[in-house]
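Visitor: Below is the file final-v1.pdb, with PDB, C-alpha atoms.
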ATOM      1  CA  MET O   1      -7.398 -22.408  -6.165
ATOM      2  CA  LYS O   2      -4.109 -22.528  -8.008
ATOM      3  CA  LEU O   3      -2.404 -19.389  -9.259
ATOM      4  CA  SER O   4      -0.021 -19.415 -12.148
ATOM      5  CA  ARG O   5       3.540 -18.352 -11.491
ATOM      6  CA  ARG O   6       3.018 -15.210 -13.578
ATOM      7  CA  VAL O   7      -0.110 -14.171 -11.643
ATOM      8  CA  SER O   8       1.611 -14.904  -8.328
ATOM      9  CA  TRP O   9       4.558 -12.672  -9.208
ATOM     10  CA  PHE O  10       2.186  -9.960 -10.412
ATOM     11  CA  LEU O  11       0.258 -10.013  -7.119
ATOM     12  CA  LEU O  12       3.471  -9.954  -5.106
ATOM     13  CA  ALA O  13       4.811  -7.041  -7.163
ATOM     14  CA  PHE O  14       1.495  -5.201  -6.776
ATOM     15  CA  GLY O  15       1.664  -5.602  -2.995
ATOM     16  CA  VAL O  16       5.209  -4.240  -2.870
ATOM     17  CA  TRP O  17       4.333  -1.410  -5.274
ATOM     18  CA  SER O  18       1.342  -0.478  -3.149
ATOM     19  CA  TRP O  19       3.535  -0.168  -0.061
ATOM     20  CA  VAL O  20       6.166   1.917  -1.871
ATOM     21  CA  ILE O  21       3.586   4.320  -3.303
ATOM     22  CA  TRP O  22       1.485   4.739  -0.178
ATOM     23  CA  VAL O  23       4.413   5.040   2.241
ATOM     24  CA  THR O  24       5.741   7.841   0.040
ATOM     25  CA  PHE O  25       2.306   9.435  -0.062
ATOM     26  CA  ALA O  26       1.881   9.206   3.729
ATOM     27  CA  LYS O  27       5.293  10.818   4.289
ATOM     28  CA  ASN O  28       4.399  13.642   1.905
ATOM     29  CA  LEU O  29       1.010  14.066   3.545
ATOM     30  CA  TRP O  30       2.633  14.338   6.970
ATOM     31  CA  LYS O  31       5.088  16.979   5.734
ATOM     32  CA  ASP O  32       2.432  18.944   3.795
ATOM     33  CA  GLY O  33       3.088  22.661   3.926
ATOM     34  CA  SER O  34       0.356  23.787   1.537
ATOM     35  CA  GLY O  35      -2.309  24.108   4.203
ATOM     36  CA  LEU O  36      -4.420  21.235   2.912
ATOM     37  CA  ALA O  37      -3.469  18.628   5.512
ATOM     38  CA  PHE O  38      -3.030  20.932   8.496
ATOM     39  CA  ASP O  39      -4.702  24.207   9.383
ATOM     40  CA  ASP O  40      -2.893  27.311  10.606
ATOM     41  CA  ALA O  41      -2.897  25.995  14.192
ATOM     42  CA  GLY O  42      -1.229  22.750  13.058
ATOM     43  CA  ASN O  43      -4.331  20.605  13.548
ATOM     44  CA  PRO O  44      -5.161  17.899  11.004
ATOM     45  CA  THR O  45      -7.909  18.798   8.538
ATOM     46  CA  ALA O  46     -10.585  16.599   6.982
ATOM     47  CA  TYR O  47      -8.320  16.302   3.926
ATOM     48  CA  PHE O  48      -5.635  14.767   6.148
ATOM     49  CA  TRP O  49      -8.002  12.241   7.765
ATOM     50  CA  VAL O  50      -9.581  11.149   4.482
ATOM     51  CA  HIS O  51      -6.215  10.633   2.819
ATOM     52  CA  LEU O  52      -4.798   8.887   5.873
ATOM     53  CA  ALA O  53      -7.778   6.492   5.752
ATOM     54  CA  LEU O  54      -7.073   5.880   2.055
ATOM     55  CA  ALA O  55      -3.424   5.157   2.803
ATOM     56  CA  VAL O  56      -4.210   2.763   5.672
ATOM     57  CA  THR O  57      -6.799   0.934   3.554
ATOM     58  CA  SER O  58      -4.279   0.641   0.723
ATOM     59  CA  PHE O  59      -1.639  -0.694   3.134
ATOM     60  CA  ILE O  60      -4.056  -3.388   4.285
ATOM     61  CA  LEU O  61      -5.187  -4.338   0.776
ATOM     62  CA  GLY O  62      -1.634  -4.203  -0.595
ATOM     63  CA  THR O  63      -0.471  -6.473   2.206
ATOM     64  CA  ALA O  64      -3.295  -8.955   1.580
ATOM     65  CA  VAL O  65      -2.636  -9.046  -2.169
ATOM     66  CA  GLY O  66       1.111  -9.342  -1.592
ATOM     67  CA  VAL O  67       0.649 -12.236   0.848
ATOM     68  CA  ILE O  68      -1.528 -14.074  -1.671
ATOM     69  CA  GLY O  69       1.121 -13.514  -4.330
ATOM     70  CA  PHE O  70       3.921 -14.605  -1.990
ATOM     71  CA  ARG O  71       2.084 -17.809  -1.123
ATOM     72  CA  GLY O  72       1.514 -18.500  -4.809
ATOM     73  CA  VAL O  73       5.189 -17.938  -5.637
ATOM     74  CA  ARG O  74       6.260 -20.139  -2.744
ATOM     75  CA  ALA O  75       3.816 -22.895  -3.768
ATOM     76  CA  SER O  76       5.004 -22.798  -7.382
ATOM     77  CA  ARG O  77       8.630 -23.256  -6.276
ATOM     78  CA  ASN O  78       7.804 -26.354  -4.215
ATOM     79  CA  LYS O  79       6.666 -28.285  -7.291
TER
END
As a first step, turn the structure in this file into structure tokens.

Guide:
Amino acid sequence: MKLSRRVSWFLLAFGVWSWVIWVTFAKNLWKDGSGLAFDDAGNPTAYFWVHLALAVTSFILGTAVGVIGFRGVRASRNK
């Protein structure tokens, strides 16, 4: 399958964007002081675990999409 240069750059940018957004979200989740992520004893809540799973899944998918985009960009430059 061949990707156009435009699609390749879009996928690469999406992968980078995904990492920027979800790293920021994970940092904010870890520092949460509202009581949603951690209970009064400092233990993680279900909210924390669900959102951590979302962040990890997004890291994996963002990485996969970014790698596909990177390979497409690299292949388009070798022509």

Visitor: Enter the distance from atom CA of Ile68 of chain O to atom CA of Ala53 of chain O, in Å, rounded to one decimal.

Guide: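 Interatomic distance here is 22.7 Å.
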
Visitor: Could you tell me how far atom CA of Trp22 of chain O sits from atom CA of Val56 of chain O, in Å to one decimal place?

Guide: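 Separation between atom CA of Val56 of chain O and atom CA of Trp22 of chain O: 8.4 Å.
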
Visitor: Please write as a PyMOL selection string the full residue list that the PyMOL selection byres ((chain O and resi 59-66) around 8) yields on this file.

Guide: chain O and resi 11-16+18-19+22+55-58+67-70

Visitor: For atom CA of Val20 of chain O and atom CA of Ser34 of chain O, quote the distance in Å rounded to one decimal.

Guide: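 Those two atoms sit 22.9 Å apart.
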
Visitor: Applied to this file, what does the PyMOL selection byres ((chain O and resi 73) around 10) return in terms of residues, put as a PDB file with C-alpha atoms, keeping the file's coordinate frame?

Guide:
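Printed below is selection.pdb as written:
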ATOM      1  CA  LEU O   3      -2.404 -19.389  -9.259  1.00  0.00           C
ATOM      2  CA  SER O   4      -0.021 -19.415 -12.148  1.00  0.00           C
ATOM      3  CA  ARG O   5       3.540 -18.352 -11.491  1.00  0.00           C
ATOM      4  CA  ARG O   6       3.018 -15.210 -13.578  1.00  0.00           C
ATOM      5  CA  VAL O   7      -0.110 -14.171 -11.643  1.00  0.00           C
ATOM      6  CA  SER O   8       1.611 -14.904  -8.328  1.00  0.00           C
ATOM      7  CA  TRP O   9       4.558 -12.672  -9.208  1.00  0.00           C
ATOM      8  CA  PHE O  10       2.186  -9.960 -10.412  1.00  0.00           C
ATOM      9  CA  LEU O  11       0.258 -10.013  -7.119  1.00  0.00           C
ATOM     10  CA  LEU O  12       3.471  -9.954  -5.106  1.00  0.00           C
ATOM     11  CA  VAL O  67       0.649 -12.236   0.848  1.00  0.00           C
ATOM     12  CA  ILE O  68      -1.528 -14.074  -1.671  1.00  0.00           C
ATOM     13  CA  GLY O  69       1.121 -13.514  -4.330  1.00  0.00           C
ATOM     14  CA  PHE O  70       3.921 -14.605  -1.990  1.00  0.00           C
ATOM     15  CA  ARG O  71       2.084 -17.809  -1.123  1.00  0.00           C
ATOM     16  CA  GLY O  72       1.514 -18.500  -4.809  1.00  0.00           C
ATOM     17  CA  ARG O  74       6.260 -20.139  -2.744  1.00  0.00           C
ATOM     18  CA  ALA O  75       3.816 -22.895  -3.768  1.00  0.00           C
ATOM     19  CA  SER O  76       5.004 -22.798  -7.382  1.00  0.00           C
ATOM     20  CA  ARG O  77       8.630 -23.256  -6.276  1.00  0.00           C
ATOM     21  CA  ASN O  78       7.804 -26.354  -4.215  1.00  0.00           C
TER      22      ASN O  78
END

Visitor: Excluding Leu36 of chain O and its own-chain neighbours fewer than 5 positions away, which residues fall within 12 Å of it when counting only C-alpha atoms? Please give them as a count of residues only.

Guide: 14

Visitor: How big is the axis-aligned box around all listed atoms of segment 18-28 of chain O once 8 Å goes on each side, and where's its centre, in Å to one decimal, as lines of an AutoDock Vina configuration file?

Guide:
center_x = 3.8
center_y = 6.6
center_z = 0.5
size_x = 20.8
size_y = 30.1
size_z = 23.6
